[in-house]
Each structure stands twice: as structure tokens, then as C-alpha cells.
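First up is the structure itself, then whatever we jot down about it.
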Amino acid sequence: MRFTPALLMLATAVGIATAAPSVNPLELSARSQETTEESVKVDICSEKHWEDCHSIEVQIQHECYSLEDTTVGSIKVPAGYRCRFWSSTQCNGNSTPDIGEPGAWDFREDMRGNQNSIKCYEGPIGSG
């Protein structure tokens, strides 16, 4: 029965190596658990000179907001933000320049109805 002490030591070593999980589990930072997306409220107007408007909320930097079936004649963008319109519904292809402060823009007659998506960014024009 010489093997009994050796087996006992081996079993103890294996037990220590495969012990229960730590009492201090890995904690996620609060930043990784919260949504950090910021959004901007933009007024989309179907007529020029900011008539017949409705507000949309676009998450800045990442969201491509589809404007399918929306006629855009003018827009109001709040100070500190800039937005760009795209002819596609996926924010790619032909686009307007960045539109920002003073915050309002009338589209030329030939451009109306050709804005199918919008993407907004934080910062004034020229900061991106």
C-alpha cells in the first residue's frame, strides 16, 4: 500500500489545480455595459424654407438613417453637428457636402427627392 500516500498527494494536487472559480469574478467596466451612442435631432422639411417639417433622431457617427419615401426640401441641423445626405438608402454613392451651422439648408429644385439616407456627425463643418 505504498501507493496510497502517492495517490493521495496526486489527488490533492489535482484538486487544487481544478479548484472552484475565484470568489472575485472578472468585472466588466461600467463603460462596456452602457450604450454610449449619442443622437441628434434633425428637422427634415418636405418644402423649401423649412415648411412642413418633422423631426428624426439619428445616432451620430454610425447610423445610416434611411429616408425612403421622404421628400426633402430643406433641413435644420443643430449647432455642433453636421449631416450628409446620400442618394442611396445605405449612405454610399453620391452625397451632398456636409450640412451644419448655421444649421439650415434649402435644397435646389433639381436635388429635391434625391436624398434617400442621412448620416450625422458631431462637430462643425470641416472637423471631420
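Note on naming: chains are A, B, ... as they come in the C-alpha cells, residues start from 1 per chain, ligands start from 1 in the order shown.
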
(Q) Would you pick out the contacts of stretch 77-85 of chain A at 10 Å or less, using only C-alpha atoms, so that residues sharing its chain but fewer than 5 positions from it are not included, and give the list as a VMD selection string? (A) chain A and resid 40 to 44 58 60 to 61 64 to 67 72 91 to 92 94 to 105 114 to 128
